[in-house]
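Enquirer: Just one file: start.cif, with mmCIF, C-alpha atoms.
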```cif
data_query
#
loop_
_atom_site.label_atom_id
_atom_site.label_comp_id
_atom_site.auth_asym_id
_atom_site.auth_seq_id
_atom_site.Cartn_x
_atom_site.Cartn_y
_atom_site.Cartn_z
CA MET A 1 -11.55 32.05 112.91
CA MET A 2 -13.72 33.05 109.97
CA ILE A 3 -15.22 35.91 111.99
CA ASN A 4 -11.78 37.20 112.94
CA LYS A 5 -10.65 37.02 109.33
CA SER A 6 -13.76 38.85 108.17
CA LEU A 7 -13.28 41.61 110.74
CA PHE A 8 -9.61 41.86 109.82
CA LEU A 9 -10.47 42.33 106.13
CA THR A 10 -13.15 44.89 106.97
CA TYR A 11 -10.79 47.03 109.06
CA LEU A 12 -8.03 46.55 106.48
CA TYR A 13 -10.27 47.91 103.71
CA LEU A 14 -11.30 50.82 105.94
CA LEU A 15 -7.65 51.59 106.67
CA ILE A 16 -6.85 51.48 102.95
CA TYR A 17 -9.78 53.80 102.21
CA ILE A 18 -8.79 56.33 104.91
CA THR A 19 -5.14 56.24 103.79
CA LEU A 20 -5.94 56.68 100.10
CA SER A 21 -8.58 59.34 100.67
CA SER A 22 -6.23 61.39 102.85
CA GLY A 23 -3.33 60.72 100.50
CA VAL A 24 -5.16 61.90 97.38
CA ILE A 25 -6.17 65.17 99.05
CA LEU A 26 -2.67 65.88 100.36
CA TYR A 27 -1.11 64.85 97.04
CA ASN A 28 -3.42 67.18 95.09
CA LYS A 29 -2.61 70.05 97.43
CA TRP A 30 1.13 69.41 96.99
CA VAL A 31 0.86 69.26 93.19
CA LEU A 32 -1.29 72.38 92.86
CA SER A 33 0.35 74.57 95.48
CA PRO A 34 2.71 77.28 94.13
CA LYS A 35 4.94 76.69 97.19
CA TYR A 36 5.62 73.05 96.33
CA PHE A 37 5.31 71.33 92.94
CA ASN A 38 3.76 74.48 91.48
CA PHE A 39 1.24 73.19 88.97
CA PRO A 40 -1.56 75.78 89.52
CA LEU A 41 -3.88 74.29 86.90
CA PRO A 42 -6.69 72.50 88.76
CA ILE A 43 -8.85 71.90 85.69
CA THR A 44 -5.94 70.23 83.90
CA LEU A 45 -5.25 68.01 86.92
CA THR A 46 -8.91 67.04 87.14
CA MET A 47 -8.99 66.21 83.42
CA ILE A 48 -5.93 63.97 83.87
CA HIS A 49 -7.80 62.12 86.64
CA MET A 50 -10.96 61.76 84.55
CA GLY A 51 -9.13 60.65 81.41
CA PHE A 52 -7.04 58.07 83.23
CA SER A 53 -9.94 56.74 85.35
CA GLY A 54 -12.22 56.52 82.31
CA ALA A 55 -9.60 54.58 80.34
CA VAL A 56 -8.95 52.10 83.18
CA ALA A 57 -12.69 51.68 83.78
CA PHE A 58 -13.16 50.90 80.08
CA PHE A 59 -10.58 48.08 80.28
CA LEU A 60 -12.10 46.74 83.53
CA VAL A 61 -15.61 46.68 82.07
CA ARG A 62 -15.09 45.86 78.39
CA VAL A 63 -11.78 43.99 78.19
CA PHE A 64 -11.26 42.21 81.50
CA LYS A 65 -15.01 42.13 82.31
CA VAL A 66 -14.44 42.62 86.06
CA VAL A 67 -17.93 44.10 86.33
CA ALA A 68 -20.80 44.02 83.85
CA PRO A 69 -22.07 47.23 82.24
CA VAL A 70 -25.65 48.26 82.95
CA LYS A 71 -28.34 48.51 80.28
CA MET A 72 -27.67 52.05 79.09
CA THR A 73 -29.80 53.62 76.36
CA PHE A 74 -29.14 56.94 74.62
CA GLU A 75 -32.20 58.44 76.34
CA ILE A 76 -30.92 57.45 79.80
CA TYR A 77 -27.41 58.67 78.98
CA ALA A 78 -28.64 62.04 77.69
CA THR A 79 -31.15 62.72 80.47
CA CYS A 80 -29.31 61.14 83.42
CA VAL A 81 -25.59 60.63 82.88
CA VAL A 82 -24.94 63.98 81.16
CA PRO A 83 -26.36 66.26 83.90
CA ILE A 84 -24.82 64.12 86.65
CA SER A 85 -21.44 64.29 84.89
CA ALA A 86 -21.74 68.07 84.56
CA PHE A 87 -22.17 68.58 88.30
CA PHE A 88 -19.54 65.93 89.09
CA ALA A 89 -17.03 67.79 86.91
CA SER A 90 -18.03 71.09 88.51
CA SER A 91 -17.58 69.77 92.05
CA LEU A 92 -14.09 68.45 91.25
CA TRP A 93 -13.12 71.62 89.40
CA PHE A 94 -14.20 73.98 92.20
CA GLY A 95 -12.89 71.70 94.93
CA ASN A 96 -9.43 71.41 93.38
CA THR A 97 -9.30 75.16 92.68
CA ALA A 98 -9.89 75.83 96.38
CA TYR A 99 -6.49 74.22 97.13
CA LEU A 100 -4.83 77.24 95.50
CA HIS A 101 -6.34 79.64 98.04
CA ILE A 102 -7.05 77.92 101.38
CA SER A 103 -5.49 75.22 103.53
CA VAL A 104 -6.39 71.53 103.55
CA ALA A 105 -7.42 71.75 107.21
CA PHE A 106 -9.87 74.59 106.54
CA ILE A 107 -11.23 72.78 103.48
CA GLN A 108 -12.04 69.75 105.62
CA MET A 109 -13.80 72.00 108.12
CA LEU A 110 -15.88 73.54 105.34
CA LYS A 111 -16.79 70.03 104.13
CA ALA A 112 -18.84 69.67 107.31
CA LEU A 113 -21.42 71.67 105.33
CA MET A 114 -22.00 68.68 103.04
CA PRO A 115 -25.08 67.38 104.95
CA VAL A 116 -26.53 70.91 104.94
CA ALA A 117 -26.04 71.26 101.18
CA THR A 118 -27.44 67.78 100.54
CA LEU A 119 -30.54 68.47 102.63
CA ILE A 120 -31.18 71.81 100.90
CA MET A 121 -30.87 70.25 97.44
CA ALA A 122 -33.01 67.24 98.41
CA VAL A 123 -35.78 69.50 99.74
CA LEU A 124 -35.64 71.72 96.63
CA CYS A 125 -35.82 68.65 94.37
CA GLY A 126 -38.66 67.16 96.40
CA THR A 127 -36.83 63.99 97.45
CA ASP A 128 -36.78 64.83 101.16
CA LYS A 129 -38.93 66.74 103.61
CA LEU A 130 -37.77 69.34 106.07
CA ARG A 131 -37.88 67.96 109.62
CA TRP A 132 -37.25 69.87 112.81
CA ASP A 133 -34.74 67.38 114.22
CA VAL A 134 -32.67 67.49 111.02
CA LEU A 135 -33.07 71.27 110.70
CA LEU A 136 -31.69 71.83 114.22
CA ASN A 137 -28.68 69.63 113.40
CA MET A 138 -28.05 71.57 110.20
CA LEU A 139 -28.24 74.85 112.14
CA LEU A 140 -25.66 73.49 114.60
CA VAL A 141 -23.36 72.49 111.72
CA SER A 142 -23.70 75.91 110.11
CA VAL A 143 -22.93 77.75 113.36
CA GLY A 144 -19.86 75.56 113.89
CA VAL A 145 -18.57 76.25 110.36
CA VAL A 146 -19.10 80.01 110.81
CA ILE A 147 -17.11 79.95 114.08
CA SER A 148 -14.38 77.88 112.44
CA SER A 149 -14.23 80.32 109.52
CA TYR A 150 -14.02 83.27 111.89
CA GLY A 151 -11.04 81.65 113.58
CA GLU A 152 -9.20 80.95 110.29
CA ILE A 153 -5.90 82.87 110.23
CA HIS A 154 -5.51 82.90 106.44
CA PHE A 155 -9.18 83.32 105.53
CA ASN A 156 -9.64 83.76 101.79
CA VAL A 157 -13.03 84.70 100.36
CA ILE A 158 -12.32 83.37 96.85
CA GLY A 159 -11.07 79.99 98.10
CA THR A 160 -14.01 79.66 100.49
CA LEU A 161 -16.50 80.46 97.72
CA TYR A 162 -14.86 77.90 95.43
CA GLN A 163 -15.06 75.19 98.10
CA VAL A 164 -18.66 75.95 99.14
CA THR A 165 -19.73 76.05 95.48
CA GLY A 166 -18.04 72.69 94.95
CA ILE A 167 -19.87 71.27 97.98
CA PHE A 168 -23.27 72.38 96.64
CA ALA A 169 -22.43 71.04 93.17
CA GLU A 170 -21.56 67.67 94.73
CA ALA A 171 -24.77 67.73 96.80
CA LEU A 172 -26.83 68.39 93.68
CA ARG A 173 -25.02 65.54 91.92
CA LEU A 174 -25.97 63.16 94.74
CA VAL A 175 -29.62 64.20 94.63
CA LEU A 176 -29.74 64.03 90.83
CA THR A 177 -28.19 60.57 90.95
CA GLN A 178 -30.95 59.48 93.28
CA VAL A 179 -33.74 61.16 91.32
CA LEU A 180 -32.62 60.33 87.78
CA LEU A 181 -30.82 57.00 87.95
CA GLN A 182 -32.90 55.27 90.61
CA LYS A 183 -36.11 56.19 88.85
CA LYS A 184 -34.69 54.35 85.84
CA GLY A 185 -33.84 51.38 88.06
CA LEU A 186 -30.07 51.78 87.59
CA THR A 187 -27.48 51.36 90.31
CA LEU A 188 -23.88 52.20 89.45
CA ASN A 189 -20.94 50.98 91.51
CA PRO A 190 -17.70 53.05 91.55
CA ILE A 191 -16.28 51.23 88.52
CA THR A 192 -19.35 51.52 86.28
CA SER A 193 -19.80 55.10 87.50
CA LEU A 194 -16.32 55.94 86.21
CA TYR A 195 -17.01 54.03 82.99
CA TYR A 196 -20.04 56.16 82.13
CA ILE A 197 -19.40 59.44 83.95
CA ALA A 198 -15.62 60.03 83.66
CA PRO A 199 -15.53 60.48 79.84
CA CYS A 200 -18.51 62.81 79.94
CA SER A 201 -16.98 64.81 82.80
CA PHE A 202 -13.75 65.06 80.80
CA ALA A 203 -15.73 66.56 77.90
CA PHE A 204 -17.43 69.10 80.18
CA LEU A 205 -14.09 70.16 81.68
CA PHE A 206 -12.62 70.78 78.24
CA VAL A 207 -14.61 74.01 77.78
CA PRO A 208 -13.42 75.80 80.98
CA TRP A 209 -9.92 74.38 80.41
CA TYR A 210 -9.78 75.89 76.93
CA LEU A 211 -11.01 79.26 78.18
CA LEU A 212 -9.10 79.49 81.46
CA GLU A 213 -5.98 77.32 81.44
CA LYS A 214 -4.91 76.59 77.88
CA SER A 215 -3.25 79.98 77.46
CA ASN A 216 -1.48 79.64 80.82
CA MET A 217 0.04 76.34 79.77
CA GLU A 218 1.41 77.93 76.60
CA VAL A 219 2.99 81.08 78.04
CA SER A 220 4.13 80.03 81.51
CA GLN A 221 6.94 77.66 82.40
CA ILE A 222 4.83 74.81 83.76
CA GLN A 223 6.78 71.71 84.68
CA PHE A 224 5.21 68.42 83.68
CA ASN A 225 6.59 65.32 85.35
CA PHE A 226 5.02 62.17 83.90
CA TRP A 227 5.61 60.04 86.99
CA ILE A 228 4.15 62.64 89.33
CA PHE A 229 0.89 62.85 87.39
CA PHE A 230 0.77 59.12 86.70
CA SER A 231 1.16 58.25 90.39
CA ASN A 232 -1.36 60.96 91.31
CA ALA A 233 -3.92 59.49 88.89
CA ILE A 234 -3.19 55.97 90.17
CA CYS A 235 -3.93 57.12 93.74
CA ALA A 236 -7.22 58.73 92.65
CA LEU A 237 -8.25 55.54 90.84
CA ALA A 238 -7.20 53.33 93.76
CA LEU A 239 -9.39 55.46 96.03
CA ASN A 240 -12.44 54.69 93.89
CA LEU A 241 -11.63 50.98 93.92
CA SER A 242 -11.17 51.01 97.71
CA ILE A 243 -14.63 52.56 98.01
CA PHE A 244 -15.96 49.62 96.00
CA LEU A 245 -14.44 47.25 98.59
CA VAL A 246 -15.60 49.24 101.63
CA ILE A 247 -19.20 49.53 100.46
CA GLY A 248 -19.39 45.77 100.01
CA ARG A 249 -18.20 44.94 103.54
CA THR A 250 -19.48 47.62 105.91
CA GLY A 251 -22.70 49.21 107.05
CA ALA A 252 -23.91 52.77 107.43
CA VAL A 253 -22.48 53.35 110.90
CA THR A 254 -18.98 52.15 109.99
CA ILE A 255 -18.89 54.19 106.79
CA ARG A 256 -19.88 57.40 108.52
CA VAL A 257 -17.54 56.90 111.48
CA ALA A 258 -14.68 56.22 109.05
CA GLY A 259 -15.45 59.50 107.28
CA VAL A 260 -15.32 61.47 110.54
CA LEU A 261 -12.10 59.75 111.59
CA LYS A 262 -10.53 60.49 108.19
CA ASP A 263 -11.35 64.20 108.53
CA TRP A 264 -9.62 64.47 111.91
CA ILE A 265 -6.57 62.56 110.66
CA LEU A 266 -6.40 64.75 107.57
CA ILE A 267 -6.58 67.98 109.58
CA ALA A 268 -3.75 66.79 111.83
CA LEU A 269 -1.58 65.53 108.95
CA SER A 270 -2.05 68.68 106.86
CA THR A 271 -0.69 70.89 109.64
CA VAL A 272 2.43 68.73 109.79
CA ILE A 273 3.03 68.38 106.03
CA PHE A 274 2.07 71.97 105.20
CA PRO A 275 3.32 74.13 108.10
CA GLU A 276 1.76 77.28 106.66
CA SER A 277 -1.73 75.81 107.24
CA ALA A 278 -1.76 76.47 110.98
CA ILE A 279 -5.03 75.99 112.86
CA THR A 280 -6.30 77.99 115.83
CA GLY A 281 -8.25 77.08 118.93
CA LEU A 282 -11.32 78.76 117.44
CA ASN A 283 -10.91 76.54 114.35
CA ILE A 284 -11.04 73.43 116.51
CA ILE A 285 -13.96 74.67 118.65
CA GLY A 286 -16.01 75.58 115.58
CA TYR A 287 -15.24 72.30 113.84
CA ALA A 288 -16.08 70.33 117.00
CA ILE A 289 -19.47 72.07 117.16
CA ALA A 290 -20.09 71.35 113.48
CA LEU A 291 -19.00 67.76 113.98
CA CYS A 292 -21.55 67.29 116.75
CA GLY A 293 -24.25 68.30 114.28
CA VAL A 294 -22.81 65.97 111.62
CA VAL A 295 -22.71 63.04 114.07
CA MET A 296 -26.32 63.63 115.10
CA TYR A 297 -27.33 63.92 111.43
CA ASN A 298 -25.56 60.64 110.68
CA TYR A 299 -27.38 59.00 113.60
CA ILE A 300 -30.75 60.19 112.29
CA LYS A 301 -29.99 58.98 108.77
CA VAL A 302 -28.74 55.58 109.96
CA ARG A 303 -31.86 55.24 112.10
CA ASP A 304 -34.01 56.04 109.05
CA VAL A 305 -32.07 53.49 106.98
CA LYS A 306 -32.65 50.83 109.64
CA ALA A 307 -36.35 51.63 109.69
CA SER A 308 -36.53 51.29 105.90
CA GLN A 309 -34.66 47.96 105.82
CA LEU A 310 -37.01 45.06 106.37
CA PRO A 311 -35.83 41.43 106.19
CA PRO A 312 -36.98 39.74 102.96
CA GLU A 313 -39.28 37.37 104.85
CA SER A 314 -40.86 39.99 107.09
CA LEU A 315 -43.77 40.91 104.82
CA PRO A 316 -44.88 37.32 104.00
CA GLU A 317 -44.39 36.35 107.66
CA ARG A 318 -46.51 39.26 108.79
CA LEU A 319 -49.29 38.39 106.34
CA THR A 320 -49.15 34.75 107.41
CA LYS A 321 -49.28 35.66 111.11
CA GLU A 322 -52.25 37.98 110.58
CA TRP A 323 -54.07 35.38 108.48
CA LYS A 324 -53.50 32.70 111.14
CA LEU A 325 -54.62 35.00 113.92
CA GLU A 326 -57.71 36.01 111.99
CA LYS A 327 -58.53 32.36 111.27
CA LYS A 328 -57.98 31.40 114.91
CA SER A 329 -60.12 34.29 116.02
CA SER A 330 -62.97 33.38 113.71
CA ASP A 331 -62.74 29.70 114.65
CA ASN A 332 -62.92 30.49 118.35
CA ASN A 333 -65.67 33.10 117.85
CA ILE A 334 -63.56 35.79 119.54
CA SER A 335 -65.36 39.10 119.32
CA ASP A 336 -62.40 41.39 119.97
CA ASP A 337 -60.97 40.99 116.46
CA ASP A 338 -59.54 44.50 116.28
CA GLY A 339 -57.49 43.96 119.41
CA THR A 340 -56.01 40.75 118.00
CA ARG A 341 -55.01 42.45 114.78
CA SER A 342 -53.46 45.36 116.62
CA SER A 343 -51.41 42.99 118.73
CA SER A 344 -50.28 41.13 115.63
CA ARG A 345 -49.24 44.32 113.89
CA PHE A 346 -47.37 45.53 116.97
CA SER A 347 -45.53 42.22 117.22
CA SER A 348 -44.55 42.21 113.55
CA MET A 349 -43.40 45.83 113.76
CA SER A 350 -41.20 44.97 116.71
CA ASP A 351 -39.65 42.11 114.77
CA SER A 352 -39.00 44.30 111.77
CA ASN A 353 -37.21 46.91 113.88
CA ASN A 354 -34.65 44.40 115.13
CA VAL A 355 -32.26 45.18 112.29
CA ASP A 356 -28.54 45.06 112.90
CA GLU A 357 -27.14 48.57 112.59
CA GLU A 358 -24.10 47.10 110.84
CA ALA A 359 -26.18 45.29 108.21
CA PRO A 360 -24.96 46.09 104.69
CA LEU A 361 -26.87 48.85 102.94
CA VAL A 362 -29.32 47.43 100.43
CA ALA A 363 -29.24 48.86 96.92
CA SER A 364 -32.99 49.45 96.85
CA SER A 365 -32.98 51.72 99.88
CA ARG A 366 -33.26 55.41 98.97
CA LEU A 367 -31.38 56.66 102.01
CA SER A 368 -28.73 53.98 101.81
CA TYR A 369 -27.90 55.13 98.28
CA ILE A 370 -27.22 58.65 99.58
CA ALA A 371 -24.95 57.20 102.27
CA ARG A 372 -23.04 55.16 99.69
CA SER A 373 -22.88 58.07 97.26
CA GLN A 374 -21.42 60.38 99.89
CA LEU A 375 -18.68 57.90 100.52
CA SER A 376 -17.99 57.41 96.83
CA SER A 377 -17.70 61.09 96.25
CA ARG A 378 -14.01 61.55 95.62
CA ASP A 379 -12.24 64.08 97.79
CA ALA A 380 -9.98 64.91 94.88
#
```
Please rewrite the model in this file as structure tokens.
Expert:
Amino acid sequence: MMINKSLFLTYLYLLIYITLSSGVILYNKWVLSPKYFNFPLPITLTMIHMGFSGAVAFFLVRVFKVVAPVKMTFEIYATCVVPISAFFASSLWFGNTAYLHISVAFIQMLKALMPVATLIMAVLCGTDKLRWDVLLNMLLVSVGVVISSYGEIHFNVIGTLYQVTGIFAEALRLVLTQVLLQKKGLTLNPITSLYYIAPCSFAFLFVPWYLLEKSNMEVSQIQFNFWIFFSNAICALALNLSIFLVIGRTGAVTIRVAGVLKDWILIALSTVIFPESAITGLNIIGYAIALCGVVMYNYIKVRDVKASQLPPESLPERLTKEWKLEKKSSDNNISDDDGTRSSSRFSSMSDSNNVDEEAPLVASSRLSYIARSQLSSRDA
């Protein structure tokens, strides 16, 4: 009964995450689109999200003490949080601006480039090495996205550039988070991330808002409905909280499969809700090709995560086994000592590889942090 309840809660949290993630994207498109709510100010909308999320995170951390703040010094904030916030703000700004020019379905197809962008940034920053198996998968993803773009009816260069730039900004944020924060020994969950990063991102967005959108808000007849923006910000915040729940209950495979499933659902829903965003057969073929590369990439990364996750007792057990075997060998005057040690090492390696693929991702794993970060990247 406990197992059934646990599985039920896991799938419930996944359903909530997929629903909220899809809902936030569709809601943002509806708010920003000139054909619907007609609020073509993506930087303003992003600032509303950041301001609201930062305020709620402050109350959760400082007032209600739902989670404890990390040990944050001025040096860590200036050298780690500030650059991460800058790229986080940029990714949201460019991603939301893309909604003004291209369809939700095509945006989701372009997001298949995320593993490619992450790999490129990781290699440039020296946190990952270029491998042929991963490179071939990235080539397959890129070819699929090119085919999908070629088949796009309403292809828009400006919107595509905005979205691709946002993807690379998000990829650089993920790599910087790994390089800067993990080297300091800090791990931020979605709530503490909002607590530290949202206010700083709000400050970064103020400059482009003042230069690009402030004048538009003054001269044009922009409608501002409090309940629309309040509910939109609530949905964005709820998405971050649902990520907090999902990360705590699922493993790498489930998280990645949920992401793929969400993309397909979102593509289908967007064509129903926004009839002008029609998709072609070439769109689907290209996205299917790209998805094959993404799935293979996910498999490789999950396999690497499993290889890097050793049970806590594995190292002491291995040392104990080797010591016992060495002692037994010396006691029995066995001459083939190297063969005994090799057998022991092979046995311990086999034990360490028997890791459940659905085991929760440990915070100390470098690759698992990337997997969690990709999930916690808001699709807003």
Enquirer: Tell me, as a list in words, which residues lie within 12 Å of Ala288 of chain A, counting all atoms listed in the file; anything in the same chain fewer than 6 positions away does not count.
Expert: Met109, Ala112, Leu140, Val141, Ser142, Val143, Gly144, Val145, Val146, Ile147, Ser148, Val260, Asp263, Trp264, Gly281, Leu282, Val294 and Val295 of chain A
Enquirer: May I have the residues within 9 Å of Phe87 of chain A as a list of chain:residue names, using all atoms listed in the file and disregarding those fewer than 6 positions away in the same chain?
Expert: A:Gly166, A:Ala169, A:Glu170, A:Ala171, A:Leu172, A:Arg173, A:Ser201
Enquirer: May I have the selected residues written with C-alpha atoms, as a CSV table (one decimal), in the coordinates of the input?
Expert:
```csv
chain,number,residue,atom,x,y,z
A,166,GLY,CA,-18.0,72.7,95.0
A,169,ALA,CA,-22.4,71.0,93.2
A,170,GLU,CA,-21.6,67.7,94.7
A,171,ALA,CA,-24.8,67.7,96.8
A,172,LEU,CA,-26.8,68.4,93.7
A,173,ARG,CA,-25.0,65.5,91.9
A,201,SER,CA,-17.0,64.8,82.8
```
Enquirer: Which of these, A:Ser90, A:Ser53, A:Thr79, A:Asn298, has the shortest distance to Thr177 of chain A once you count all atoms listed in the file?
Expert: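 The closest residue to Thr177 of chain A is A:Thr79.
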Enquirer: Between atom CA of Ile107 of chain A and atom CA of Gln163 of chain A, measure the distance and give it in Å to one decimal.
Expert: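 One can read the atom CA of Ile107 of chain A to atom CA of Gln163 of chain A distance as 7.0 Å.
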Enquirer: Which residues are close to Phe155 of chain A, i.e. within 12 Å by all atoms listed in the file, leaving aside same-chain residues fewer than 4 positions away? Reply as a list in words.
Expert: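 The contact residues come out as Ala98, His101, Ile102, Ser103, Ala105, Phe106, Ile107, Leu110, Val146, Ser148, Ser149, Tyr150, Gly151, Gly159, Thr160, Leu161, Ser277, Ala278, Ile279, Thr280 and Asn283 of chain A.
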Enquirer: One decimal, Å: what's the distance from atom CA of Phe39 of chain A over to atom CA of Ile222 of chain A, could you say?
Expert: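 It comes out at 6.5 Å.
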Enquirer: Since the input is missing atoms, can you rebuild N, CA, C and O atoms for segment 285-298 of chain A and write them as a PDB file, keeping the file's coordinate frame?
Expert:
```
ATOM      1  N   ILE A 285     -12.672  74.553 117.953  1.00  0.00           N
ATOM      2  CA  ILE A 285     -13.960  74.670 118.650  1.00  0.00           C
ATOM      3  C   ILE A 285     -15.105  74.689 117.639  1.00  0.00           C
ATOM      4  O   ILE A 285     -16.108  73.975 117.791  1.00  0.00           O
ATOM      5  N   GLY A 286     -14.959  75.504 116.589  1.00  0.00           N
ATOM      6  CA  GLY A 286     -16.010  75.580 115.580  1.00  0.00           C
ATOM      7  C   GLY A 286     -16.220  74.257 114.871  1.00  0.00           C
ATOM      8  O   GLY A 286     -17.366  73.837 114.650  1.00  0.00           O
ATOM      9  N   TYR A 287     -15.115  73.587 114.535  1.00  0.00           N
ATOM     10  CA  TYR A 287     -15.240  72.300 113.840  1.00  0.00           C
ATOM     11  C   TYR A 287     -15.840  71.245 114.747  1.00  0.00           C
ATOM     12  O   TYR A 287     -16.627  70.406 114.296  1.00  0.00           O
ATOM     13  N   ALA A 288     -15.503  71.281 116.042  1.00  0.00           N
ATOM     14  CA  ALA A 288     -16.080  70.330 117.000  1.00  0.00           C
ATOM     15  C   ALA A 288     -17.585  70.520 117.105  1.00  0.00           C
ATOM     16  O   ALA A 288     -18.348  69.543 117.173  1.00  0.00           O
ATOM     17  N   ILE A 289     -18.027  71.788 117.118  1.00  0.00           N
ATOM     18  CA  ILE A 289     -19.470  72.070 117.160  1.00  0.00           C
ATOM     19  C   ILE A 289     -20.138  71.537 115.893  1.00  0.00           C
ATOM     20  O   ILE A 289     -21.189  70.883 115.950  1.00  0.00           O
ATOM     21  N   ALA A 290     -19.532  71.846 114.741  1.00  0.00           N
ATOM     22  CA  ALA A 290     -20.090  71.350 113.480  1.00  0.00           C
ATOM     23  C   ALA A 290     -20.120  69.831 113.442  1.00  0.00           C
ATOM     24  O   ALA A 290     -21.075  69.221 112.944  1.00  0.00           O
ATOM     25  N   LEU A 291     -19.087  69.223 113.988  1.00  0.00           N
ATOM     26  CA  LEU A 291     -19.000  67.760 113.980  1.00  0.00           C
ATOM     27  C   LEU A 291     -20.093  67.139 114.835  1.00  0.00           C
ATOM     28  O   LEU A 291     -20.611  66.059 114.500  1.00  0.00           O
ATOM     29  N   CYS A 292     -20.448  67.798 115.932  1.00  0.00           N
ATOM     30  CA  CYS A 292     -21.550  67.290 116.750  1.00  0.00           C
ATOM     31  C   CYS A 292     -22.844  67.243 115.934  1.00  0.00           C
ATOM     32  O   CYS A 292     -23.601  66.270 116.000  1.00  0.00           O
ATOM     33  N   GLY A 293     -23.074  68.300 115.141  1.00  0.00           N
ATOM     34  CA  GLY A 293     -24.250  68.300 114.280  1.00  0.00           C
ATOM     35  C   GLY A 293     -24.188  67.230 113.212  1.00  0.00           C
ATOM     36  O   GLY A 293     -25.191  66.583 112.915  1.00  0.00           O
ATOM     37  N   VAL A 294     -22.984  67.009 112.642  1.00  0.00           N
ATOM     38  CA  VAL A 294     -22.810  65.970 111.620  1.00  0.00           C
ATOM     39  C   VAL A 294     -23.059  64.588 112.214  1.00  0.00           C
ATOM     40  O   VAL A 294     -23.727  63.741 111.604  1.00  0.00           O
ATOM     41  N   VAL A 295     -22.529  64.341 113.409  1.00  0.00           N
ATOM     42  CA  VAL A 295     -22.710  63.040 114.070  1.00  0.00           C
ATOM     43  C   VAL A 295     -24.192  62.778 114.341  1.00  0.00           C
ATOM     44  O   VAL A 295     -24.703  61.670 114.102  1.00  0.00           O
ATOM     45  N   MET A 296     -24.897  63.795 114.841  1.00  0.00           N
ATOM     46  CA  MET A 296     -26.320  63.630 115.100  1.00  0.00           C
ATOM     47  C   MET A 296     -27.100  63.405 113.792  1.00  0.00           C
ATOM     48  O   MET A 296     -28.024  62.592 113.741  1.00  0.00           O
ATOM     49  N   TYR A 297     -26.705  64.116 112.746  1.00  0.00           N
ATOM     50  CA  TYR A 297     -27.330  63.920 111.430  1.00  0.00           C
ATOM     51  C   TYR A 297     -27.106  62.498 110.942  1.00  0.00           C
ATOM     52  O   TYR A 297     -28.030  61.847 110.438  1.00  0.00           O
ATOM     53  N   ASN A 298     -25.871  62.014 111.083  1.00  0.00           N
ATOM     54  CA  ASN A 298     -25.560  60.640 110.680  1.00  0.00           C
ATOM     55  C   ASN A 298     -26.397  59.640 111.462  1.00  0.00           C
ATOM     56  O   ASN A 298     -26.894  58.651 110.909  1.00  0.00           O
TER      57      ASN A 298
END
```
